[in-house]
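J.: Below is one structure. I have some questions about it.
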Amino acid sequence: MRPSPSLPAARAQALARKYQRLVDLRARRDGDGEPATRGELRALAAEFPGSLRELDTLGDAELRRRAAACAAAAAGGAGEPWMAWIDRFHGLMRQALTARARGGGPQDDFERTMLAPPDGRMLPAVVAQIARESGEAESEVAATLFPSRRRGRE
């Protein structure tokens with residue numbers, strides 16, 4: 001992985017908060033707790049578009065690891081390249097969803113792509129944009145942000 005631009009402490013802190021919320025939601029879903037309400041899920045998705053995919057695809061151990069890594073970065077520790085990528089992912093997803101909701105008007109190339117993404121799916125197009133910006137391979141960005149998890153493995 002190439003070095004990525006450092007993530008401002010406030011953004012790392014926001015990501016740490018997001019991952020802690022995902023840890024809590026995951027524990028409730030997998031345990032005997034109350035399931036997440038529609039309002040909780042909508043609020044999380046509004047603040048961090050695409051984060052519900054992480055809830056579905058990342059295991060408890062990885063969610064906890066990411067929460068701790070982001071908290072450490074927010075406290076001045078070294079960040080990891082994926083942190084800037086996932087922060088950018090949320091920003092691009094927000095931009096894509098806004099462009100789709102607007103449907104027309106002034107747009108940049110990215111927004112035009114999001115109106116009719118390849119294969120009709122925004123997520124791969126957003127990952128491709130992050131890969132272009134970071135100089136990493138799309139497969140590396142995708143595997144880092146959303147690693148596949150086999151059932152029964154954490």
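Following the order of the structure tokens, first chain is A, next is B, and so on, with residues numbered from 1 inside each chain and ligands from 1 in the order they appear.
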Using only C-alpha atoms, determine which residues lie at most 12 Å from Ala27 in chain A, disregarding the query and same-chain residues fewer than 3 positions distant; provide the list as a list in words.
T.: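 Result of the neighbour search: Gln20, Arg21, Leu22, Val23, Asp24, Asp30, Gly31, Asp32, Gly33, Glu34, Pro35, Ala36, Leu55, Gly59, Asp60, Ala61, Leu63 and Arg64 of chain A.
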J.: Under the rule of at most 7 Å, produce a per-residue listing of range 73-117 of chain A near range 124-140 of chain A: chain, number, name, the closest pair of atoms, and the distance in Å, as CSV, using only C-alpha atoms.
T.:
residue,atom,partner,partner_atom,distance
A:Trp85,CA,A:Ile130,CA,6.6
A:Phe89,CA,A:Val126,CA,6.7
A:Leu92,CA,A:Val126,CA,6.5
A:Met93,CA,A:Val126,CA,6.9
A:Pro117,CA,A:Ala125,CA,6.5
J.: Given only C-alpha atoms as the basis, pick out the residue of A:Leu7, A:Leu97, A:Ala143, A:Leu52 nearest to Arg121 in chain A.
T.: A:Leu97
J.: Determine which residues of range 17-142 of chain A DSSP labels as helix (DSSP H, G or I) from the backbone of this structure, then write them out as a ChimeraX atom specification.
T.: /A:17-30,38-47,51-57,60-74,81-102,109-115,118-120,122-134,138-142
J.: Could you give me, as an NGL selection string, the residues within 9 Å of Ser6 in chain A, counting only C-alpha atoms and dropping anything in the same chain fewer than 2 positions from it?
T.: :A and (3-4 or 8-9 or 78-81 or 83-84)
J.: Considering only C-alpha atoms, state which residue in the set A:Arg29, A:Arg100, A:Arg66, A:Arg11 is at the smallest distance from Phe48 in chain A.
T.: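 Among the listed residues, the smallest separation from Phe48 in chain A belongs to A:Arg11.
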J.: Here is a test: counting only C-alpha atoms, which residue of A:Arg26, A:Ala142, A:Met114, A:Arg65 is nearest to Thr98 in chain A?
T.: A:Met114
J.: Quick one: pull the distance between CA of Ala43 in chain A and CA of Leu25 in chain A, Å, one decimal.
T.: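 Between CA of Ala43 in chain A and CA of Leu25 in chain A the gap works out to 12.6 Å.
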J.: Using only C-alpha atoms, which of A:Gly39, A:Pro118, A:Gly77, A:Gly104 sits nearest Gln13 in chain A?
T.: A:Gly77
